[in-house]
Each structure stands twice: as C-alpha cells, then as structure tokens.
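Dumped structure_29.cif below, it's mmCIF, C-alpha atoms:
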```cif
data_start
loop_
_atom_site.label_atom_id
_atom_site.label_comp_id
_atom_site.auth_asym_id
_atom_site.auth_seq_id
_atom_site.Cartn_x
_atom_site.Cartn_y
_atom_site.Cartn_z
CA MET S 1 20.56 77.27 36.44
CA VAL S 2 18.11 74.69 37.71
CA ALA S 3 19.81 71.81 39.52
CA SER S 4 17.81 68.87 40.82
CA VAL S 5 18.34 65.33 42.04
CA ILE S 6 15.45 62.90 41.64
CA ASP S 7 15.53 59.47 43.25
CA GLY S 8 13.13 56.56 43.11
CA VAL S 9 12.69 56.52 39.32
CA ARG S 10 14.48 54.18 36.92
CA VAL S 11 14.74 53.90 33.15
CA ALA S 12 13.23 50.54 32.13
CA GLY S 13 13.81 50.50 28.37
CA ILE S 14 14.56 52.60 25.28
CA VAL S 15 13.50 52.01 21.66
CA SER S 16 14.32 54.31 18.73
CA CYS S 17 12.56 54.32 15.36
CA LEU S 18 13.90 55.60 12.04
CA PRO S 19 11.95 56.20 8.83
CA GLY S 20 12.78 53.82 5.97
CA ARG S 21 13.94 56.32 3.34
CA ARG S 22 17.66 57.04 3.43
CA GLU S 23 19.72 59.84 1.89
CA THR S 24 23.48 59.38 1.47
CA LEU S 25 26.43 61.54 0.41
CA ASP S 26 25.81 60.29 -3.15
CA HIS S 27 22.39 61.97 -3.10
CA LEU S 28 24.03 65.16 -1.79
CA ALA S 29 26.69 64.96 -4.51
CA ALA S 30 23.95 64.91 -7.14
CA ARG S 31 22.43 68.10 -5.67
CA PHE S 32 25.45 70.07 -4.47
CA GLY S 33 28.42 68.52 -6.34
CA GLU S 34 30.96 65.81 -5.42
CA GLU S 35 33.46 68.08 -3.71
CA THR S 36 30.86 69.79 -1.51
CA ALA S 37 29.37 66.43 -0.49
CA ARG S 38 32.81 65.08 0.39
CA ARG S 39 33.62 68.12 2.52
CA ILE S 40 30.25 67.98 4.29
CA GLY S 41 30.87 64.33 5.19
CA LYS S 42 34.37 65.08 6.45
CA ALA S 43 33.44 68.19 8.44
CA THR S 44 30.28 66.82 10.08
CA GLY S 45 30.92 63.07 10.35
CA ILE S 46 27.49 62.52 8.75
CA THR S 47 27.39 60.18 5.74
CA ALA S 48 23.69 59.26 5.63
CA ARG S 49 20.37 60.26 7.15
CA HIS S 50 16.93 58.66 7.41
CA LEU S 51 14.17 60.94 6.14
CA ALA S 52 10.42 60.76 6.68
CA GLY S 53 8.21 60.49 3.63
CA PRO S 54 5.52 63.08 2.90
CA ASP S 55 2.94 61.02 4.80
CA GLU S 56 5.13 60.17 7.76
CA CYS S 57 4.91 62.20 10.96
CA THR S 58 6.88 62.25 14.19
CA SER S 59 3.90 60.62 15.87
CA ASP S 60 4.14 57.62 13.50
CA LEU S 61 7.78 57.04 14.42
CA ALA S 62 7.01 57.56 18.11
CA GLU S 63 4.04 55.18 17.94
CA HIS S 64 6.16 52.37 16.47
CA ALA S 65 8.89 52.89 19.04
CA ALA S 66 6.37 53.02 21.91
CA ARG S 67 4.46 49.92 20.77
CA HIS S 68 7.66 47.90 20.55
CA LEU S 69 8.83 49.21 23.91
CA LEU S 70 5.54 48.38 25.71
CA ASP S 71 5.48 44.97 24.05
CA ARG S 72 9.03 44.05 25.06
CA LEU S 73 8.55 45.32 28.60
CA GLY S 74 5.27 43.47 28.91
CA TRP S 75 3.57 46.68 30.04
CA ALA S 76 -0.17 46.90 29.36
CA ALA S 77 -0.94 50.30 27.81
CA ASP S 78 -3.40 51.11 30.58
CA THR S 79 -0.65 50.89 33.21
CA VAL S 80 1.03 54.05 31.83
CA ASP S 81 0.19 57.04 34.05
CA LEU S 82 2.05 59.73 32.11
CA LEU S 83 2.89 60.27 28.42
CA ILE S 84 5.08 63.19 27.38
CA LEU S 85 5.81 63.85 23.72
CA VAL S 86 8.76 66.15 23.05
CA THR S 87 8.50 67.45 19.49
CA GLN S 88 8.61 70.57 17.35
CA THR S 89 7.04 68.80 14.37
CA PRO S 90 3.55 67.81 15.55
CA ASP S 91 0.82 66.42 13.29
CA HIS S 92 -1.39 69.47 13.81
CA LEU S 93 -1.36 72.85 15.52
CA LEU S 94 -3.86 71.26 17.87
CA PRO S 95 -4.59 68.96 19.55
CA ALA S 96 -1.15 68.09 20.91
CA SER S 97 0.17 64.98 19.13
CA GLY S 98 0.61 63.27 22.49
CA LEU S 99 -3.18 63.03 22.64
CA LEU S 100 -3.23 61.32 19.21
CA LEU S 101 -0.70 58.85 20.58
CA HIS S 102 -2.77 58.38 23.74
CA ARG S 103 -5.55 57.12 21.50
CA ARG S 104 -3.38 55.10 19.12
CA LEU S 105 -1.49 53.37 21.93
CA GLY S 106 -4.66 52.70 23.92
CA LEU S 107 -3.68 54.46 27.13
CA ALA S 108 -6.21 54.80 29.94
CA THR S 109 -8.30 57.95 30.39
CA SER S 110 -6.69 58.28 33.83
CA ALA S 111 -3.31 59.07 32.20
CA ALA S 112 -1.82 62.57 32.07
CA VAL S 113 -0.65 63.53 28.56
CA PHE S 114 1.03 66.61 27.13
CA ASP S 115 3.55 67.82 24.53
CA MET S 116 6.75 69.77 25.11
CA GLY S 117 8.02 72.08 22.34
CA LEU S 118 11.77 71.61 22.60
CA GLY S 119 14.41 70.36 20.16
CA CYS S 120 17.99 69.33 20.81
CA SER S 121 17.72 69.86 24.59
CA GLY S 122 14.36 68.09 24.69
CA TYR S 123 15.42 64.60 25.72
CA VAL S 124 17.09 65.77 28.91
CA TYR S 125 14.23 68.17 29.65
CA GLY S 126 11.78 65.34 29.01
CA LEU S 127 13.63 62.91 31.30
CA TRP S 128 13.71 65.54 34.04
CA THR S 129 10.02 66.37 33.65
CA ALA S 130 8.88 62.75 33.43
CA ALA S 131 10.97 61.65 36.42
CA ALA S 132 9.93 64.66 38.52
CA LEU S 133 6.22 64.28 37.71
CA LEU S 134 6.23 60.54 38.23
CA LYS S 135 7.73 61.16 41.64
CA ALA S 136 5.52 64.13 42.52
CA ALA S 137 2.26 62.66 41.26
CA GLY S 138 2.82 59.25 42.76
CA GLY S 139 2.48 57.59 39.36
CA ARG S 140 4.05 54.27 38.53
CA ARG S 141 4.93 54.36 34.86
CA ALA S 142 5.75 57.03 32.29
CA LEU S 143 6.43 57.02 28.56
CA LEU S 144 8.75 59.72 27.30
CA LEU S 145 8.51 60.06 23.51
CA ALA S 146 10.94 62.41 21.79
CA GLY S 147 11.67 63.14 18.16
CA ASP S 148 11.23 65.26 15.08
CA THR S 149 10.82 65.06 11.33
CA THR S 150 13.05 68.10 10.79
CA SER S 151 13.54 67.19 7.11
CA ARG S 152 9.93 68.26 6.58
CA VAL S 153 10.64 71.82 7.77
CA LEU S 154 13.72 72.58 5.71
CA ASP S 155 14.51 73.39 2.12
CA PRO S 156 16.20 70.29 0.61
CA ASP S 157 18.32 72.58 -1.58
CA ASP S 158 19.60 74.64 1.36
CA ARG S 159 23.19 73.46 1.65
CA ALA S 160 23.57 74.99 5.12
CA VAL S 161 20.98 72.76 6.79
CA ALA S 162 19.71 70.00 4.49
CA PRO S 163 22.82 67.76 4.81
CA LEU S 164 22.82 67.94 8.61
CA PHE S 165 19.37 66.87 9.80
CA GLY S 166 17.74 63.46 9.87
CA ASP S 167 14.42 62.22 11.25
CA ALA S 168 13.81 59.86 14.18
CA ALA S 169 11.79 59.38 17.34
CA ALA S 170 12.53 57.43 20.49
CA ALA S 171 10.46 56.02 23.32
CA THR S 172 11.84 55.75 26.84
CA ALA S 173 10.03 53.92 29.65
CA LEU S 174 10.39 55.19 33.20
CA GLU S 175 9.13 53.42 36.29
CA ALA S 176 8.88 54.26 39.98
CA ASP S 177 11.37 52.09 41.87
CA PRO S 178 12.41 52.91 45.44
CA ASP S 179 15.80 51.26 44.86
CA ALA S 180 16.62 53.28 41.73
CA PRO S 181 19.84 55.32 41.95
CA PRO S 182 19.35 59.12 41.95
CA MET S 183 19.23 61.04 38.68
CA ALA S 184 20.96 64.44 38.65
CA PHE S 185 19.95 67.23 36.28
CA THR S 186 21.10 70.75 35.46
CA LEU S 187 19.08 72.86 33.04
CA GLY S 188 19.32 76.32 31.53
CA SER S 189 17.77 78.63 28.93
CA ASP S 190 18.64 81.78 27.03
CA GLY S 191 15.96 83.13 24.72
CA ALA S 192 18.50 85.52 23.19
CA GLY S 193 19.41 82.59 20.92
CA ALA S 194 15.96 82.45 19.31
CA PRO S 195 16.90 84.14 15.99
CA TYR S 196 19.82 81.80 15.28
CA LEU S 197 18.01 78.47 15.02
CA THR S 198 14.42 78.85 13.95
CA VAL S 199 11.56 77.98 11.62
CA PRO S 200 9.96 81.45 11.57
CA GLY S 201 7.20 80.62 9.09
CA GLY S 202 4.09 78.53 9.59
CA GLY S 203 3.22 79.71 13.11
CA MET S 204 0.79 82.45 14.03
CA ARG S 205 3.39 85.24 13.61
CA ALA S 206 3.99 84.47 9.94
CA PRO S 207 1.37 81.87 8.99
CA ASP S 208 1.84 82.11 5.23
CA ASP S 209 5.64 82.04 5.12
CA PRO S 210 7.27 78.74 4.13
CA LYS S 211 8.23 76.44 6.99
CA HIS S 212 12.00 76.52 6.37
CA LEU S 213 14.62 75.96 9.03
CA PHE S 214 17.28 78.63 9.41
CA MET S 215 20.46 77.95 11.36
CA ASP S 216 23.45 80.17 12.05
CA GLY S 217 26.00 77.43 12.71
CA THR S 218 28.61 79.82 14.04
CA GLN S 219 26.27 81.16 16.71
CA VAL S 220 25.13 77.64 17.60
CA PHE S 221 28.67 76.43 18.09
CA ALA S 222 29.74 79.52 20.04
CA PHE S 223 26.70 79.10 22.34
CA THR S 224 27.51 75.41 22.80
CA LEU S 225 31.10 76.08 23.84
CA ARG S 226 29.94 78.85 26.17
CA GLU S 227 27.31 76.86 28.08
CA VAL S 228 27.68 73.10 27.68
CA PRO S 229 31.04 72.33 29.35
CA GLY S 230 29.95 74.21 32.49
CA SER S 231 26.58 72.47 32.47
CA LEU S 232 28.27 69.05 32.30
CA LYS S 233 30.71 69.91 35.08
CA SER S 234 27.84 71.13 37.28
CA VAL S 235 25.84 67.96 36.85
CA LEU S 236 28.90 65.82 37.64
CA ASP S 237 29.38 67.81 40.87
CA LEU S 238 25.68 67.46 41.69
CA ALA S 239 25.87 63.68 41.23
CA GLY S 240 29.14 63.50 43.15
CA TRP S 241 30.85 61.84 40.17
CA SER S 242 34.23 62.50 38.63
CA MET S 243 34.80 61.90 34.93
CA ALA S 244 36.46 58.59 35.85
CA ASP S 245 33.12 57.41 37.31
CA VAL S 246 31.32 57.95 33.98
CA GLY S 247 30.77 54.92 31.74
CA ARG S 248 29.78 56.84 28.60
CA VAL S 249 29.22 60.46 27.64
CA VAL S 250 26.27 60.84 25.25
CA LEU S 251 25.99 64.39 23.95
CA HIS S 252 23.44 65.72 21.50
CA GLN S 253 24.60 64.34 18.16
CA ALA S 254 24.85 67.33 15.81
CA ASN S 255 28.39 67.23 14.49
CA ALA S 256 31.14 64.66 15.14
CA GLN S 257 33.83 67.29 15.43
CA MET S 258 31.80 69.22 17.98
CA ILE S 259 31.13 66.08 20.06
CA ARG S 260 34.82 65.13 20.12
CA HIS S 261 35.80 68.68 20.96
CA LEU S 262 33.32 68.95 23.85
CA GLY S 263 34.34 65.51 25.11
CA GLN S 264 37.97 66.53 25.16
CA LYS S 265 37.10 69.82 26.85
CA ILE S 266 35.37 68.11 29.79
CA GLY S 267 38.14 65.54 30.18
CA ALA S 268 36.32 62.53 28.69
CA SER S 269 38.42 59.97 26.83
CA PRO S 270 37.58 59.10 23.22
CA ASP S 271 36.42 55.67 24.46
CA GLN S 272 33.96 57.30 26.86
CA THR S 273 32.56 59.67 24.23
CA VAL S 274 29.79 58.23 22.07
CA VAL S 275 29.81 59.42 18.44
CA ALA S 276 26.91 57.75 16.63
CA LEU S 277 25.56 60.18 14.06
CA ASP S 278 27.26 59.00 10.86
CA ASN S 279 24.17 57.15 9.67
CA HIS S 280 21.55 59.46 11.20
CA GLY S 281 22.60 63.12 11.15
CA ASN S 282 21.17 65.53 13.72
CA THR S 283 17.87 64.02 14.85
CA SER S 284 16.90 66.78 17.29
CA SER S 285 15.42 65.50 20.58
CA ALA S 286 15.85 61.86 19.43
CA SER S 287 19.61 62.14 19.01
CA ILE S 288 20.59 61.12 22.56
CA PRO S 289 18.30 58.06 22.88
CA LEU S 290 19.11 57.06 19.28
CA ALA S 291 22.83 57.20 20.04
CA ILE S 292 22.15 55.11 23.16
CA THR S 293 20.16 52.40 21.34
CA ASP S 294 22.62 52.42 18.46
CA ALA S 295 25.91 52.37 20.34
CA LEU S 296 25.14 51.09 23.85
CA ALA S 297 22.52 48.32 23.42
CA GLY S 298 25.02 45.65 24.52
CA PRO S 299 26.34 47.25 27.72
CA LEU S 300 22.92 48.58 28.75
CA THR S 301 21.09 45.28 28.41
CA SER S 302 23.82 43.44 30.33
CA GLY S 303 24.30 45.76 33.25
CA PRO S 304 24.13 49.22 34.76
CA LEU S 305 26.12 51.99 33.12
CA ARG S 306 26.71 55.50 34.38
CA LEU S 307 25.71 57.91 31.63
CA LEU S 308 26.53 61.60 31.35
CA LEU S 309 24.04 63.19 28.94
CA SER S 310 23.72 66.69 27.52
CA GLY S 311 21.27 68.17 25.03
CA PHE S 312 21.65 71.72 23.74
CA GLY S 313 20.40 73.88 20.90
CA VAL S 314 17.26 75.62 19.68
CA GLY S 315 16.14 78.24 22.18
CA TRP S 316 18.85 78.50 23.35
CA SER S 317 18.01 75.67 25.69
CA TRP S 318 20.29 73.14 27.35
CA GLY S 319 20.18 70.38 29.92
CA SER S 320 22.61 67.81 31.29
CA ALA S 321 21.96 64.65 33.26
CA ALA S 322 24.01 62.15 35.25
CA VAL S 323 22.00 58.94 35.33
CA THR S 324 22.70 55.27 36.03
CA VAL S 325 20.86 53.20 33.44
CA GLY S 326 20.44 49.44 33.04
CA PRO S 327 20.21 46.57 32.88
CA LEU S 328 17.46 47.44 30.38
CA ALA S 329 14.88 44.85 29.29
CA VAL S 330 14.98 46.41 25.83
CA CYS S 331 17.41 48.78 24.11
CA ALA S 332 16.84 48.71 20.36
CA THR S 333 16.80 50.68 17.11
CA MET S 334 14.03 49.84 14.65
CA SER S 335 12.86 50.99 11.24
CA LEU S 336 9.35 52.23 10.44
CA ASP S 337 9.31 50.22 7.20
CA SER S 338 10.29 46.82 8.42
CA SER S 339 9.14 47.28 12.00
CA THR S 340 12.04 45.04 12.92
CA ALA S 341 14.42 45.81 15.71
CA SER S 342 18.15 45.41 15.38
CA ALA S 343 20.87 45.28 17.99
CA GLU S 344 18.39 44.11 20.52
CA THR S 345 18.81 41.90 23.51
CA ALA S 346 15.74 41.03 25.48
CA GLY S 347 16.40 40.65 29.17
CA MET W 1 50.97 78.80 19.58
CA ASN W 2 52.91 81.11 17.28
CA THR W 3 51.80 82.67 14.02
CA THR W 4 53.47 80.05 11.82
CA ASP W 5 51.90 77.16 13.71
CA PHE W 6 48.50 78.80 13.55
CA LEU W 7 48.75 79.44 9.80
CA LEU W 8 49.81 75.81 9.27
CA ALA W 9 46.79 74.65 11.31
CA LEU W 10 44.54 76.83 9.14
CA ASP W 11 46.17 75.39 6.00
CA GLU W 12 45.34 71.89 7.19
CA MET W 13 41.81 72.84 8.20
CA LEU W 14 41.11 74.37 4.77
CA GLU W 15 42.81 71.48 2.92
CA LEU W 16 45.57 73.72 1.52
CA ASP W 17 49.24 72.81 1.04
CA PRO W 18 51.31 73.62 4.15
CA GLY W 19 52.66 77.18 3.93
CA THR W 20 49.93 78.43 1.59
CA LEU W 21 48.39 81.02 3.91
CA THR W 22 50.46 84.04 4.92
CA GLY W 23 47.83 86.31 6.52
CA GLY W 24 46.81 88.73 3.79
CA GLU W 25 44.32 86.42 2.06
CA ALA W 26 40.70 87.52 1.84
CA LEU W 27 38.43 84.88 3.37
CA GLU W 28 35.92 85.21 0.53
CA ASP W 29 38.63 84.09 -1.90
CA LEU W 30 39.22 80.85 0.01
CA GLU W 31 37.05 78.15 -1.52
CA ASN W 32 36.75 76.07 1.66
CA TRP W 33 36.00 78.93 4.07
CA ASP W 34 32.33 78.21 4.78
CA SER W 35 30.05 77.60 7.76
CA LEU W 36 31.68 74.23 8.41
CA ALA W 37 35.15 75.80 8.36
CA VAL W 38 33.94 78.42 10.81
CA ILE W 39 33.04 75.67 13.29
CA SER W 40 36.45 74.06 12.77
CA PHE W 41 38.07 77.45 13.38
CA ILE W 42 36.20 78.02 16.65
CA ALA W 43 37.16 74.51 17.78
CA LEU W 44 40.80 75.08 16.79
CA VAL W 45 41.08 78.32 18.75
CA ASP W 46 39.33 76.82 21.77
CA GLU W 47 41.53 73.70 21.68
CA LYS W 48 44.88 75.42 21.12
CA LEU W 49 44.33 78.66 23.04
CA GLY W 50 41.43 77.98 25.43
CA LEU W 51 39.49 80.91 23.98
CA VAL W 52 35.92 80.92 22.62
CA VAL W 53 35.74 83.30 19.66
CA GLU W 54 32.57 85.38 19.67
CA GLY W 55 30.30 84.55 16.75
CA GLU W 56 29.46 88.22 16.11
CA LYS W 57 33.13 89.10 15.74
CA LEU W 58 33.89 86.09 13.57
CA VAL W 59 31.25 86.95 10.97
CA LYS W 60 32.93 90.36 10.57
CA ALA W 61 36.38 88.86 9.84
CA LYS W 62 37.47 89.61 6.28
CA THR W 63 41.00 88.25 6.07
CA VAL W 64 43.17 85.48 7.48
CA ALA W 65 44.94 88.20 9.50
CA ASP W 66 41.55 89.06 11.09
CA LEU W 67 41.27 85.42 12.17
CA LEU W 68 44.73 85.54 13.73
CA SER W 69 43.81 88.70 15.54
CA LEU W 70 40.55 87.17 16.87
CA ALA W 71 42.56 84.23 18.15
CA GLY W 72 44.98 86.62 19.84
CA VAL W 73 47.87 85.39 17.71
CA ALA W 74 50.41 87.99 16.54
CA VAL W 75 49.49 89.25 13.08
CA PRO W 76 52.37 89.08 10.59
CA ALA W 77 53.73 92.51 9.69
#
```
Show me this structure written as structure tokens.
Amino acid sequence: MVASVIDGVRVAGIVSCLPGRRETLDHLAARFGEETARRIGKATGITARHLAGPDECTSDLAEHAARHLLDRLGWAADTVDLLILVTQTPDHLLPASGLLLHRRLGLATSAAVFDMGLGCSGYVYGLWTAAALLKAAGGRRALLLAGDTTSRVLDPDDRAVAPLFGDAAAATALEADPDAPPMAFTLGSDGAGAPYLTVPGGGMRAPDDPKHLFMDGTQVFAFTLREVPGSLKSVLDLAGWSMADVGRVVLHQANAQMIRHLGQKIGASPDQTVVALDNHGNTSSASIPLAITDALAGPLTSGPLRLLLSGFGVGWSWGSAAVTVGPLAVCATMSLDSSTASAETAG
Amino acid sequence: MNTTDFLLALDEMLELDPGTLTGGEALEDLENWDSLAVISFIALVDEKLGLVVEGEKLVKAKTVADLLSLAGVAVPA
C-alpha cells in the first residue's frame, strides 16, 4: 500500500457537470417491467440517472465544468500549469482527450497535460497525482478533470448494469499554498480483479467486439468489503484523525446500501456519511466530486470541512484520502444543456 | 445470530412473509434472488456476523441451506 502525506496544496473549487438527458425508474419499468424497476430502485438507492447523448463525450462535460470553474475562480486559462483528465471513455484512442481540452480551454503551451485511465478509484488517484506533481514540479495551479460517459459503453437492455450507471464529469482546481493543511492518501491495486469489471471489446485485444460493460457485482462487493475499510482506517491513522474528527465521509457512490454498510463498518454516523446517488447513479470517477458539489456545497463554501474520501472499483484499484477542504470559492453542480449552476455560492 | 433469526432476515431481504424460508429452498426458485440480493446477503452476513463471504463460494450456493452454511449459521436438520 502506498501511503503519502502532501502539504502545501489546497483545493480551490469544484464544479460537476451532468448531461441533460435523464432516465428514471419509469423508463426502466418500460424496458424491464414495473416490479424489476421497483426492486432496482429499492436495492440500489438509484431512482434516476443523467445520460450523455450520442454526440456528447466526457470531454464535453469536463470542458463545461472546467470553464465554469476557471470563470468563478477568476483564473486565466494560461495560469494553469497542469491538467489531468481521469477517464475511461475518451473521445479517441489518441490523442489523449486532455490534449483536446488543453486546446478547447486555451491553456498555455507551457502546461503539462495527460490522461489517466482509471474509473471509480480515479478521483482519489487524480487528487494524489495532481497534488504530488504540483508540489514536485513547483507549479502553481492544476486542473483535475474526472468523469465518464459509461452509458455509452453498456448495453441499455442489460439489466445487470444499465440501471446502475450514469454519466458526469467534474473539475477540481488545486493551487499551491504554503498554509494549506496536509492531504493524506493511501492507495492500492490488485489486477486480479480485471475480469470482473471490464469492457473487453473495442481495444486492441478485441477491436471488433462490441464495447459492452460487464460487471460481476458479487465480486465487486466482496472486493470492496475486503479492501476499503482497511484503506480508510489507514488513511485516518496517517492523517492522525479519529472518526470523530471527520466532517463528512464521501465514498464512491455506486450503491446506497453499500455506502451505508461501509460507513457503519468504519464507525461513521449516518449524518457523517454522504449518500447522494439517487439522482445520478454510479458516475465512475466523477461520483465523489459530484456527491461533494451536490450534498456539501453549503458547508464547503462557508468554511473548512474535514473530508474522508474513498474511491474503489475497476482494476481492482482503490484509494482513500483525508483532506481538509474549504472555504471554496465555487462548489456547484451544473447541466450541460442549460449551462446553469445550481446550489452554488460564490465566495 | 441463530438459524431462525437468519432465516427471518433472509425473508425480509427477499420480500417474503416472515417464516417463509426453512432452508431447503432452491435459490433459483426464489424470484428475488438476483445480483442485487447477493449484495444484500454479503452485507447482511458482514453486519450480523463480521464475516465477508467469498464471491467464488457464493456463486456456487444452490439452496438457502448453502447460504446458512456460508454464513457459518447452523443448518436446520
């Protein structure tokens, strides 16, 4: 397990962006039957999801979120030294979609840009990478973009996965600040999990197979219970926090029952544990920042909050973070259609 | 947690009337035993007994009695 503490970097703002199209339990009832739709809603805590249209890519959602974030922070695009895009649903095989965003956002040619191919663990991995590189490279500002359009790599008639996944992307601004409180991270990987959560088709190994997501939910949940509680406890120890010191626990939002169960297992109270997936489903690497902008915009714009984060899934890959965030100048959820932000408080 | 309590918890999880399950039922005959129920089952065993059921073993379970056995709960005679 990698354990690291990074100081001197703060989170300045977070903006999430959802596609406009929305699918509800009524849509699922039409495809799978009323009873199945009702049970899916009850068992997962997911009642609606936002889905990208056929012409909408992760980069489009990320671009909207990043533009709004830069605008509200008053950051000129050419002051961003580092852009990292975490996605498994890029526009093209190459170039990396981060480079397309470099152009679309108008970043300077002096900026470092790359993509990271991670899913549900990707936000924590991205935060760790962005903070570490900002520190190591002596940069000032970084944009961490994370998200997926998973609905575009699954079969809409596959009852095992279609009702669970939604699309979203989020932009997080990080800035060098000598007074920033330390961020603690623990990270792990186990490639033995590769067959259980995968889109085997469409890559070089099986280029002509359909790009359809397969998930063995039993294996995913068993892996989660095996690795995540220990990862969270380790990062608390690393930060020198007890659970009582934590303001909110924001876990990867895949299943409400799983979140509550994990929260209980690590000794978090229901009030500490954020459950914010009912209107979004599992949005892959965007799920943690989306839950933050959705559920914590008020507390994070008004003051600092100690957050315990954990992302876990495809890989297997997992990462936990203990970070003090806020007051944020912007913490908002917006829609690609209207380009309007809700639940926002400008600082 | 004794056998009766565990069967009652399974009844509730599968939306059956209390006392429905006795142990001999084949899982494939239970309408609500699906991937979502499997997750609920793993959570139930972990919560009540502090035990994480191995996924590989769970997919091989054929009957309610197999579930009880995986959870380490006495199987009814």
For this session: Evaluate the PyMOL selection byres ((chain S) within 10 of (chain W)) and record the selected residues as a ChimeraX atom specification, following the chain and residue labels used in the document.
Result: /S:36,39-40,42-44,160,216-223,225-226,255,257-258,260-262,264-265
message = Given the PyMOL selection byres ((chain S and resi 6) around 12) and the file above, list the residues it selects as a PyMOL selection string.
response = chain S and resi 3-5+7-10+127-136+176-178+180-186+238-239+321-324
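The result of the PyMOL selection byres ((chain W and resi 72) around 12) on the shown file is Met1, Asn2, Thr3, Phe6, Val45, Asp46, Lys48, Leu49, Gly50, Leu51, Val52, Val53, Ala65, Asp66, Leu67, Leu68, Ser69, Leu70, Ala71, Val73, Ala74 and Val75 of chain W.
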Could the residues in this selection be written to a file with C-alpha atoms, as a PDB file, keeping the file's coordinate frame?
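File written: part_10.pdb
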```
ATOM      1  CA  MET W   1      50.970  78.800  19.580  1.00  0.00           C
ATOM      2  CA  ASN W   2      52.910  81.110  17.280  1.00  0.00           C
ATOM      3  CA  THR W   3      51.800  82.670  14.020  1.00  0.00           C
ATOM      4  CA  PHE W   6      48.500  78.800  13.550  1.00  0.00           C
ATOM      5  CA  VAL W  45      41.080  78.320  18.750  1.00  0.00           C
ATOM      6  CA  ASP W  46      39.330  76.820  21.770  1.00  0.00           C
ATOM      7  CA  LYS W  48      44.880  75.420  21.120  1.00  0.00           C
ATOM      8  CA  LEU W  49      44.330  78.660  23.040  1.00  0.00           C
ATOM      9  CA  GLY W  50      41.430  77.980  25.430  1.00  0.00           C
ATOM     10  CA  LEU W  51      39.490  80.910  23.980  1.00  0.00           C
ATOM     11  CA  VAL W  52      35.920  80.920  22.620  1.00  0.00           C
ATOM     12  CA  VAL W  53      35.740  83.300  19.660  1.00  0.00           C
ATOM     13  CA  ALA W  65      44.940  88.200   9.500  1.00  0.00           C
ATOM     14  CA  ASP W  66      41.550  89.060  11.090  1.00  0.00           C
ATOM     15  CA  LEU W  67      41.270  85.420  12.170  1.00  0.00           C
ATOM     16  CA  LEU W  68      44.730  85.540  13.730  1.00  0.00           C
ATOM     17  CA  SER W  69      43.810  88.700  15.540  1.00  0.00           C
ATOM     18  CA  LEU W  70      40.550  87.170  16.870  1.00  0.00           C
ATOM     19  CA  ALA W  71      42.560  84.230  18.150  1.00  0.00           C
ATOM     20  CA  VAL W  73      47.870  85.390  17.710  1.00  0.00           C
ATOM     21  CA  ALA W  74      50.410  87.990  16.540  1.00  0.00           C
ATOM     22  CA  VAL W  75      49.490  89.250  13.080  1.00  0.00           C
TER      23      VAL W  75
END
```
Pairwise distance for atom CA of Ser189 of chain S and atom CA of Thr87 of chain S, rounded to one decimal in Å =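 These two atoms are separated by 17.3 Å.
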query = Rounded to one decimal in Å, what is the spacing between atom CA of Val199 of chain S and atom CA of Lys57 of chain W?
reply =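 That distance, rounded to one decimal, is 24.6 Å.
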Requested in this report: Pick out the residues sitting within 12 Å of Ser287 of chain S, and hand them over as a PyMOL selection string; count all atoms listed in the file, and ignore anything fewer than 2 positions along from it in its own chain.
Outcome: chain S and resi 16-18+119-124+146-148+165-171+250-255+274-285+289-295+309-313+333
| query | When you draw a straight line from atom CA of Asp17 of chain W to atom CA of Arg159 of chain S, how long is it in Å? | reply |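 Interatomic distance, atom CA of Asp17 of chain W to atom CA of Arg159 of chain S: 26.1 Å.
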Margin query: When you look at Leu213 of chain S with a cut-off of 7 Å (counting all atoms listed in the file), what residues show up, excluding the ones that are within fewer than 3 positions of it in the same chain? I need them as a PyMOL selection string.
Written below: chain S and resi 153-154+198-199
